[in-house]
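One structure is given here, and the rest of the page talks about it.
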Amino acid sequence: MENKNYASGEVTIRVRGLKKDFADVSVLKGIDIDIHKGDVVCVIGASGSGKSTFLRCLNLLEQPTGGSIYFEGADLTDKKVDLNLHRQKMGMVFQQFNLFPHMSILENLTCAPVMLKKATPEQAKAKAMELLARVGLADRADSYPSQLSGGQKQRVAIVRALCMEPDVMLFDEPTSALDPEMVGEVLDVMKELAKEGMTMVVVTHEMGFAREVSNRVIFLDDGVIAEEGTPAEIFENPQCERLQSFLAKVL
Amino acid sequence: MNWFAKLQETFLEDNRYMWLVEGLGNTLLITLGALIIGVIIGAVIAITKYFCEGNKKLRIFNWLCDLYTTVIRGIPVTVLLLVFFYIIFVSVKDGVPVAIVAFGINSGAYMAELIRSGINAVDKGQMEAARSLGLSKGQAMAKIIFPQAIKNILPAIGNECIALLKETSVAGYVAVVDITKAATNIRNKTFDAVNPILLLALVYLVMVVAMTRLLAVLERRLRRSDGK
């Protein structure tokens, strides 16, 4: 199963037997995967296949019904583990941006690092401005989220997560709520991140991004990993029938 | 006797207008005090319910909050005032602090529902985003959810303030000389019913209009962040 194209560094996230039920619907039916340092994993699948639930289980925004999530060695499903501490190391970007509307962009970026004593207000501000400049939004530091376009909001949301200096970034359909002309600017930032070696798990409908940027692609179907491989394997030579028909529909 | 002479007799003789000024002072004191107590109780209850809902171990707190809102909202504020003055705080002779507590506890029940609706109206994604950054539930509530909730319900809180101000006009039931009671005292003393009542109505009207204006300014300031 191990492939030479996969990053071979230490395991950042190890998922074992992950199950999630909502009421009487079983959304995840047992998922096992290791995500290594430096991996860029794209999770694809039809809507309702459990991709978002899978991602949200990784930082326990959804409480798994069964199984374990190990992040840097600690079992996050263990009640004794300080989840908040580990979440500081797992950045997350949402489909709906979820910027804090009552704060300026700069406050959005600095509030968590300062509150959690990761940095002094001055350090946090310097870091925020540096990252903002890198996504081309330094001049919007004093704006409020409602004054930004969707693409700008999502770039700010990515920077907000980065300000915590995470070891892994989780993306939950980051471009699905964007107008088509803004998708590119967000994907460019993500590509940049990937190039710098950030470990990323990306739930996406952007097959072009998955093919070009990721080193592993996971196809979720009906709550299980139906197929997994390098982008070349998944897109050029899909094995299972469900993946073949899914790709036929989206490509 | 012309009207001005009558006014002079009613309000200026024996410096009776001072009765009104003192009464107004008490009315404002009771309103402000009750408002502060009401907002604190309301916030505590709303936040308690937010954290306890769906938690089996903390269900008792949820139940206590429900009991409070049910009982308080089920009793007219005048009756509540009588209960506090004649049953609970029998030994307290000054009615003003009792009135502050009674109106505050009454207002708290309504504030609780208001603030709760404000908290529930904040998008679920806000809490998720805050938690994903590593903030605890309490930190997220204090810094992210609560400020947005308050902003959402500011107009409703304004209405509650206005209602509270007007409700305090029954404080005279427990030997508090608020402005309504002061006007009544002048009426009894001078046998002039028309002028004290008209003036009283005018004073309330002016206060309510002033509060409405103040609120509009506050709302506009808070709305700055909406980029409008």
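All residue names refer to the structure tokens as shown: chains lettered A, B, ... in order, residues numbered from 1 in each chain, ligands numbered from 1 in order.
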Restrict the calculation to only C-alpha atoms, then for each residue of chain A with any atom at most 6 Å from an atom of chain B give the closest atom pair and their distance in Å to one decimal, rows by chain and rising residue number, as JSON lines.
```
{"residue": "A:Asn84", "atom": "CA", "partner": "B:Gly134", "partner_atom": "CA", "distance": 4.4}
{"residue": "A:Arg87", "atom": "CA", "partner": "B:Gly134", "partner_atom": "CA", "distance": 4.8}
{"residue": "A:Gln88", "atom": "CA", "partner": "B:Gly134", "partner_atom": "CA", "distance": 4.6}
{"residue": "A:Asn98", "atom": "CA", "partner": "B:Gly125", "partner_atom": "CA", "distance": 5.6}
{"residue": "A:His102", "atom": "CA", "partner": "B:Ser225", "partner_atom": "CA", "distance": 5.7}
{"residue": "A:Tyr144", "atom": "CA", "partner": "B:Ser225", "partner_atom": "CA", "distance": 5.8}
{"residue": "A:Ser146", "atom": "CA", "partner": "B:Asp226", "partner_atom": "CA", "distance": 5.8}
{"residue": "A:Gln147", "atom": "CA", "partner": "B:Gly227", "partner_atom": "CA", "distance": 5.6}
```
*asked:* Need the shell around Ala43 in chain B: protein/DNA/RNA residues with any atom at most 9 Å away, counting only C-alpha atoms. Skip same-chain ones fewer than 4 positions apart. Format as number ranges by chain?
replied: B: 38-39, 47-48, 108, 111-112, 115-116
_Excluding range 93-100 of chain B and its own-chain neighbours fewer than 5 positions away, which residues fall within 12 Å of it when counting only C-alpha atoms? Please give them as a PyMOL selection string._
chain B and resi 23+25-38+77-88+105-108+164-165+167-178
Selected residues written out with N, CA and C atoms, as a compact mmCIF listing (two decimals), in the first residue's frame:
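Final output, part_9.txt:
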```
# COMPACT_ATOMS: atom_id res chain seq x y z
N GLY B 23 -38.43 62.79 42.94
CA GLY B 23 -39.11 61.59 42.42
C GLY B 23 -38.45 61.10 41.14
N GLY B 25 -35.41 61.54 40.32
CA GLY B 25 -34.14 60.92 40.72
C GLY B 25 -34.33 59.46 41.08
N ASN B 26 -35.37 59.20 41.89
CA ASN B 26 -35.63 57.81 42.29
C ASN B 26 -36.02 56.94 41.10
N THR B 27 -36.85 57.51 40.23
CA THR B 27 -37.27 56.75 39.03
C THR B 27 -36.04 56.34 38.23
N LEU B 28 -35.13 57.28 38.00
CA LEU B 28 -33.95 56.98 37.20
C LEU B 28 -33.04 56.00 37.92
N LEU B 29 -32.91 56.18 39.25
CA LEU B 29 -32.06 55.29 40.05
C LEU B 29 -32.58 53.85 39.98
N ILE B 30 -33.90 53.72 40.15
CA ILE B 30 -34.50 52.37 40.12
C ILE B 30 -34.33 51.75 38.73
N THR B 31 -34.58 52.55 37.71
CA THR B 31 -34.47 52.03 36.34
C THR B 31 -33.04 51.57 36.05
N LEU B 32 -32.09 52.41 36.37
CA LEU B 32 -30.70 52.09 36.07
C LEU B 32 -30.23 50.87 36.87
N GLY B 33 -30.54 50.89 38.16
CA GLY B 33 -30.14 49.77 39.02
C GLY B 33 -30.76 48.47 38.54
N ALA B 34 -32.05 48.52 38.24
CA ALA B 34 -32.76 47.32 37.80
C ALA B 34 -32.21 46.83 36.46
N LEU B 35 -31.85 47.79 35.62
CA LEU B 35 -31.31 47.44 34.31
C LEU B 35 -30.00 46.66 34.45
N ILE B 36 -29.14 47.18 35.32
CA ILE B 36 -27.85 46.51 35.53
C ILE B 36 -28.07 45.10 36.08
N ILE B 37 -28.91 44.99 37.11
CA ILE B 37 -29.20 43.67 37.68
C ILE B 37 -29.82 42.77 36.61
N GLY B 38 -30.75 43.34 35.86
CA GLY B 38 -31.45 42.55 34.83
C GLY B 38 -30.51 42.01 33.77
N VAL B 77 -45.48 42.49 37.81
CA VAL B 77 -44.38 43.14 38.51
C VAL B 77 -44.85 43.84 39.77
N THR B 78 -46.08 44.35 39.76
CA THR B 78 -46.61 45.01 40.96
C THR B 78 -46.71 44.01 42.12
N VAL B 79 -47.21 42.83 41.80
CA VAL B 79 -47.33 41.78 42.83
C VAL B 79 -45.94 41.39 43.32
N LEU B 80 -45.01 41.27 42.38
CA LEU B 80 -43.63 40.90 42.73
C LEU B 80 -43.05 41.93 43.70
N LEU B 81 -43.33 43.19 43.42
CA LEU B 81 -42.85 44.29 44.26
C LEU B 81 -43.42 44.14 45.68
N LEU B 82 -44.71 43.85 45.77
CA LEU B 82 -45.36 43.66 47.08
C LEU B 82 -44.73 42.49 47.82
N VAL B 83 -44.48 41.40 47.08
CA VAL B 83 -43.87 40.21 47.70
C VAL B 83 -42.51 40.59 48.29
N PHE B 84 -41.72 41.32 47.52
CA PHE B 84 -40.37 41.66 48.00
C PHE B 84 -40.42 42.62 49.20
N PHE B 85 -41.34 43.57 49.15
CA PHE B 85 -41.35 44.60 50.20
C PHE B 85 -42.00 44.09 51.48
N TYR B 86 -43.11 43.36 51.35
CA TYR B 86 -43.87 42.99 52.54
C TYR B 86 -43.57 41.58 53.03
N ILE B 87 -42.92 40.74 52.22
CA ILE B 87 -42.68 39.36 52.65
C ILE B 87 -41.19 39.06 52.78
N ILE B 88 -40.42 39.38 51.73
CA ILE B 88 -39.01 38.96 51.74
C ILE B 88 -38.12 39.94 52.49
N ILE B 105 -34.87 41.74 39.18
CA ILE B 105 -35.14 40.31 39.06
C ILE B 105 -36.24 40.07 38.03
N ASN B 106 -37.21 40.97 38.01
CA ASN B 106 -38.26 40.85 37.00
C ASN B 106 -37.68 41.00 35.60
N SER B 107 -36.89 42.04 35.43
CA SER B 107 -36.32 42.32 34.12
C SER B 107 -35.37 41.21 33.67
N GLY B 108 -34.67 40.61 34.64
CA GLY B 108 -33.71 39.54 34.33
C GLY B 108 -34.36 38.40 33.55
N LEU B 164 -39.10 48.98 31.10
CA LEU B 164 -38.70 49.01 32.51
C LEU B 164 -38.91 50.39 33.12
N LEU B 165 -38.49 51.41 32.40
CA LEU B 165 -38.64 52.78 32.89
C LEU B 165 -40.11 53.06 33.21
N GLU B 167 -42.50 50.83 33.71
CA GLU B 167 -43.01 49.93 34.75
C GLU B 167 -42.72 50.47 36.15
N THR B 168 -41.61 51.22 36.29
CA THR B 168 -41.26 51.68 37.64
C THR B 168 -42.29 52.64 38.19
N SER B 169 -43.24 53.05 37.37
CA SER B 169 -44.27 53.97 37.86
C SER B 169 -45.18 53.33 38.91
N VAL B 170 -45.07 52.00 39.08
CA VAL B 170 -45.86 51.38 40.14
C VAL B 170 -45.08 51.25 41.44
N ALA B 171 -43.87 51.82 41.46
CA ALA B 171 -43.03 51.69 42.66
C ALA B 171 -43.69 52.33 43.87
N GLY B 172 -44.58 53.28 43.65
CA GLY B 172 -45.27 53.96 44.73
C GLY B 172 -46.07 53.01 45.62
N TYR B 173 -46.36 51.85 45.13
CA TYR B 173 -47.08 50.85 45.93
C TYR B 173 -46.34 50.49 47.21
N VAL B 174 -45.02 50.60 47.20
CA VAL B 174 -44.26 50.18 48.38
C VAL B 174 -43.51 51.36 49.00
N ALA B 175 -44.20 52.47 49.10
CA ALA B 175 -43.67 53.62 49.82
C ALA B 175 -42.41 54.21 49.19
N VAL B 176 -42.25 54.01 47.89
CA VAL B 176 -41.16 54.67 47.19
C VAL B 176 -41.73 55.92 46.53
N VAL B 177 -41.06 57.06 46.74
CA VAL B 177 -41.55 58.26 46.07
C VAL B 177 -40.81 58.40 44.75
N ASP B 178 -41.34 57.74 43.73
CA ASP B 178 -40.82 57.95 42.38
C ASP B 178 -41.57 59.13 41.80
```
*Pick out the residues sitting within 9 Å of Pro145 in chain A, and hand them over as a list in words; count only C-alpha atoms, and ignore anything fewer than 2 positions along from it in its own chain.*
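Using only C-alpha atoms, the neighbours found are Leu99, Phe100, Pro101, His102, Met103, Ser104, Ile105, Asn108, Ser143, Gln147, Leu148, Ser149, Gln152, Lys153 and Val156 of chain A; Ser225, Asp226 and Gly227 of chain B.
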Selection export as an mmCIF file, in the first residue's frame, atoms kept: N, CA and C atoms:
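Just written: selection-v9.cif:
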```cif
data_model
loop_
_atom_site.group_PDB
_atom_site.id
_atom_site.type_symbol
_atom_site.label_atom_id
_atom_site.label_comp_id
_atom_site.auth_asym_id
_atom_site.auth_seq_id
_atom_site.Cartn_x
_atom_site.Cartn_y
_atom_site.Cartn_z
ATOM 1 N N LEU A 99 -15.300 34.173 9.271
ATOM 2 C CA LEU A 99 -14.547 35.261 9.909
ATOM 3 C C LEU A 99 -15.424 35.872 10.988
ATOM 4 N N PHE A 100 -14.798 36.530 11.957
ATOM 5 C CA PHE A 100 -15.571 37.137 13.035
ATOM 6 C C PHE A 100 -16.013 38.531 12.583
ATOM 7 N N PRO A 101 -17.317 38.721 12.336
ATOM 8 C CA PRO A 101 -17.775 39.953 11.681
ATOM 9 C C PRO A 101 -17.631 41.202 12.540
ATOM 10 N N HIS A 102 -17.528 41.031 13.864
ATOM 11 C CA HIS A 102 -17.468 42.201 14.737
ATOM 12 C C HIS A 102 -16.030 42.659 14.967
ATOM 13 N N MET A 103 -15.078 42.007 14.304
ATOM 14 C CA MET A 103 -13.683 42.394 14.469
ATOM 15 C C MET A 103 -13.099 42.821 13.120
ATOM 16 N N SER A 104 -12.132 43.731 13.188
ATOM 17 C CA SER A 104 -11.431 44.088 11.966
ATOM 18 C C SER A 104 -10.601 42.895 11.516
ATOM 19 N N ILE A 105 -10.086 42.971 10.290
ATOM 20 C CA ILE A 105 -9.283 41.863 9.775
ATOM 21 C C ILE A 105 -8.101 41.586 10.706
ATOM 22 N N ASN A 108 -9.221 39.862 13.750
ATOM 23 C CA ASN A 108 -9.510 38.467 13.426
ATOM 24 C C ASN A 108 -8.253 37.613 13.496
ATOM 25 N N SER A 143 -9.955 46.868 7.592
ATOM 26 C CA SER A 143 -11.313 46.675 7.094
ATOM 27 C C SER A 143 -12.041 45.668 7.969
ATOM 28 N N GLN A 147 -16.656 43.995 4.341
ATOM 29 C CA GLN A 147 -16.195 44.887 3.267
ATOM 30 C C GLN A 147 -15.342 44.148 2.245
ATOM 31 N N LEU A 148 -15.130 42.850 2.474
ATOM 32 C CA LEU A 148 -14.252 42.080 1.594
ATOM 33 C C LEU A 148 -15.063 41.195 0.646
ATOM 34 N N SER A 149 -14.454 40.860 -0.490
ATOM 35 C CA SER A 149 -15.078 39.898 -1.397
ATOM 36 C C SER A 149 -14.882 38.499 -0.829
ATOM 37 N N GLN A 152 -11.314 37.300 -0.962
ATOM 38 C CA GLN A 152 -10.489 37.979 0.045
ATOM 39 C C GLN A 152 -10.771 37.412 1.430
ATOM 40 N N LYS A 153 -12.053 37.186 1.722
ATOM 41 C CA LYS A 153 -12.407 36.630 3.027
ATOM 42 C C LYS A 153 -11.722 35.289 3.236
ATOM 43 N N VAL A 156 -8.130 35.664 3.985
ATOM 44 C CA VAL A 156 -7.954 36.089 5.378
ATOM 45 C C VAL A 156 -8.161 34.901 6.319
ATOM 46 N N SER B 225 -19.043 48.101 12.073
ATOM 47 C CA SER B 225 -18.320 46.894 11.666
ATOM 48 C C SER B 225 -19.044 46.140 10.562
ATOM 49 N N ASP B 226 -20.297 46.493 10.289
ATOM 50 C CA ASP B 226 -20.973 45.825 9.187
ATOM 51 C C ASP B 226 -20.608 46.460 7.858
ATOM 52 N N GLY B 227 -19.761 47.458 7.916
ATOM 53 C CA GLY B 227 -19.285 48.077 6.692
ATOM 54 C C GLY B 227 -20.329 48.913 5.996
#
```
*So which residues touch Arg216 in chain A within 6 Å, counting only C-alpha atoms, skipping near sequence neighbours fewer than 2 positions away, as a PyMOL selection string?*
chain A and resi 41+214+229-230
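Between CA of Gln123 in chain A and CA of Asp139 in chain A the separation is 18.6 Å.
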*Select, from A:Ala210, A:Val43, A:Ala112, A:Cys163, the residue with the minimum atom-to-atom distance to Ala126 in chain A, counting only C-alpha atoms.*
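Of the candidates, the smallest distance to Ala126 in chain A is held by A:Cys163.
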*Using DSSP on the backbone, list every residue of range 107-214 of chain B that comes out as alpha helix (DSSP H), and give them as a PyMOL selection string.*
chain B and resi 107-121+124-132+137-140+146-167+179-190+194-214
